[in-house]
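Take a look at the structure set out below.
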Amino acid sequence: MTEITPECTVARYLARRLAELGITHLFGVPGNHLGPFLTVLRAEGDIEWVGTPTEGGAGQAADSYARLHGIGAAAVTYSVGAFNLLNACGGAYVEHVPLVAINACPPYEQWQNYRALGLLTSHMSPRRESNLDVYRQVTVEAQVISNPGLAPGQIDAALTACLSERRPVYLEVMEDLWDEPCAVAEEPLLRRERPFSARNRTMLAGAVDAIMNLIEEHPGPDGRPRPIVWAGEEVERFRLDGQLTDLAQATGVPFCTTVGAKAVVDERGPQFHGVYNGKASHPDVHWIFKDWATCRIGLGAWSTSKNLDGEQCVGTDWVMAAQGGVSVGTRYFPDVQLARLIPALQDALVARFGSGGLTADYYAEAHAHQGAPDERPASLQDHRATLRAGGSSSRSGERLTYDGVFDRINHFLGRETREEWTVVSDAAFSLIGSMNLSLPAGGFLSQISWLSIGWSVGAATGAALAPERGHARPMVFVGDGAFQETCQEISTHTRLGLRSVVFVMDNGHFYGIEQMLVHPSYFADQDSHDPDGTNGADFYNVLHPWHYDRLAEVFSGKQTPATGVSLAHACDLDELLARLTDPTDPVNAGPLLVRVHLRRHDYPRAMAYKLEEE
């Protein structure tokens with residue numbers, strides 16, 4: 001029987017378990033119910049408390065921290081804090097991010113008073129399980145801790161579920177329990193994987209055979225197999241990047257990634273052929289992925305509107321291995337684990353085609369086969385060169401555009417800077433524009449399915465504090481409307497001295513992506529004489545204009561510098577990027593907020609298909 005002693009309390013137990021999982025930072029907004037836990041957390045000394053201006057920002061930071069580190073945590077107070085954190089927890093649930101949501105609630109005594117007298121105190125709802133009920137919708141385990149004797153078991157059950165399911169969990173702890181004694185942890189927390197039974201082995205073998213048959217049934221004109229792998233989000237979430245690298249090296253098979261799995265491995269590798277994103281893909285990548293490859297093997301790729309932008313379905317020449325099963329053409333194999341499928345597929349491909357037998361440069365092959373059209377790259381290296389070549393120099397009077405900014409940034413990241421960067425992209429035009437940046441492994445973060453606008457600003461905090469990327473500077477791309485949602489999280493960047501660079505893409509105070517989705521014909525009139533660009537735009541997409549760069553002065557202090565600049569022309573961006581390479585320049589002393597002036601009718605070239613469909 002485990003002895004309960006004053007040496008351990010509920011607060012200490014939870015703090016030590018979080019530290020055992022390698023969590024170094026806890027994000028949140030304090031409240032009176034949470035205070036006792038934070039006091040103990042500081043006394044334990046293993047985890048640093050990071051107070052953020054908003055609960056949503058805390059959730060965004062914990063989300064990105066977890067994507068990089070494997071697990072993250074946020075702590076808030078009851079109802080008013082928890083309901084603000086709910087959006088971030090919902091995004092983490094949809095996108096398979098292991099996040100621990102801690103909600104400190106009123107003490108047991110107050111609940112008893114309400115039951116007897118109907119007395120409500122601050123943040124309480126007449127529905128006792130109101131917080132628990134909503135979090136049950138976005139977590140794989142939700143616990144209310146009201147008995148210190150049961151607390152260790154409940155905490156361990158939730159944290160084990162978080163590790164095993166790789167999704168959020170919820171712990172609601174009554175305030176008067178934090179200092180109550182409880183049992184000391186005896187066993188380490190471990191991930192509990194699904195068993196690999198004889199039935200699973202048979203299902204896996206059937207899926208691999210079906211994939212091999214699909215490859216052989218779809219040869220190229222020369223009779224050789226021509227598959228392409230489409231690596232997706234689950235490769236990153238389940239830490240299978242090593243398996244993907246082994247597959248590519250052993251077989252030579254060319255591969256693309258989804259936007260959500262961008263930079264899951266180093267994009268400078270010889271078999272990486274680009275980011276495939278449906279009709280919004282770079283034309284070269286779309287040409288190779290859809291027209292030259294004869295079958296597509298999705299490994300951990302999600303079928304979302306952003307991963308298949310403009311495409312409504314996959315075809316019978318596709319494999320889609322995700323969400324615990326594998327579809328091969330019209331056949332489906334349930335309960336096949338991706339972590340077992342990838343090495344089994346690698347073995348089958350090597351056995352059938354030999355080591356490196358699928359090695360190919362599909363750009364060079366397609367170029368040679370189709371008579372060397374001038375507009376197509378002659379090789380994979382030519383394709384990569386074109387991505388950077390456009391941004392090497394700028395004409396002094398040239399106005400900035402979405403494509404011009406990202407072309408120039410691509411050249412900067414690849415040829416000019418010596419620092420490492422983590423690109424954090426928000427939803428909408430920023431995500432579309434940034435998907436063709438050439439980045440090393442781990443150098444990109446985005447929220448691809450939930451798409452909560454403004455996510456990137458808070459997420460940059462977690463990206464900078466995660467041990468895996470703490471050496472890298474965050475580079476954020478966020479639309480003006482999205483930035484208005486979460487701009488106060490720049491305060492956290494400043495307070496912590498993060499040297500983030502936040503590009504606010506200001507297209508004339510306008511929800512450009514919403515206009516593109518509803519009435520894309522608006523963008524066809526590039527020569528509009530309306531100075532504000534409002535003619536033909538839907539009124540509800542027009543934002544109130546802000547001087548975004550001036551917020552740096554609001555958030556800065558004597559010991560916590562922040563800088564704001566405003567850019568309108570390509571030469572302004574050239575000058576700023578040159579300053580970023582100078583460690584003595586004051587813009588590198590703290591966060592840098594960059595307002596990028598764009599014309600309202602401008603949009604990334606990848607969205608041109610929307611106008612063609614109109």
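Going by the structure tokens order, chains are called A, B, ..., each with residues numbered from 1, while ligands are numbered from 1 in the order shown.
Every protein or nucleic acid residue with an atom no more than 8 Å from Pro148 of chain A, counting only C-alpha atoms and leaving out same-chain residues fewer than 5 positions away, appears here: A:Val10, A:Leu177, A:Glu180, A:Pro181, A:Cys182.
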> Which neighbours of Gln337 of chain A fall inside 12 Å, counting only C-alpha atoms, when residues of the same chain fewer than 4 positions from it are skipped, and could you give them as a PyMOL selection string?
Replying inline: chain A and resi 193-197+200-201+203-205+207-208+234-235+238+240+299-300+321-326+333+341-344
> Which of these, A:Gly443, A:Asp572, A:Trp455, A:Thr316, has the shortest distance to His471 of chain A once you count only C-alpha atoms?
Replying inline: A:Gly443
>> Can you tell me, as a ChimeraX atom specification, which residues in segment 237-426 of chain A count as strand (DSSP E) by DSSP?
In response: /A:255-257,272-275,295-299,318-322,325-328,331-334,421-425
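Considering only C-alpha atoms, the residue among A:Val336, A:Val169, A:Thr492, A:Glu311 positioned nearest to Ala198 of chain A is A:Val336.
The interatomic distance for the pair atom CA of Phe406 of chain A and atom CA of Ile432 of chain A works out to 10.0 Å.
Distance-wise, atom CA of His411 of chain A and atom CA of Glu267 of chain A end up 14.5 Å apart.
Atom CA of Leu380 of chain A to atom CA of Phe272 of chain A spans 8.7 Å [interatomic distance, one decimal].
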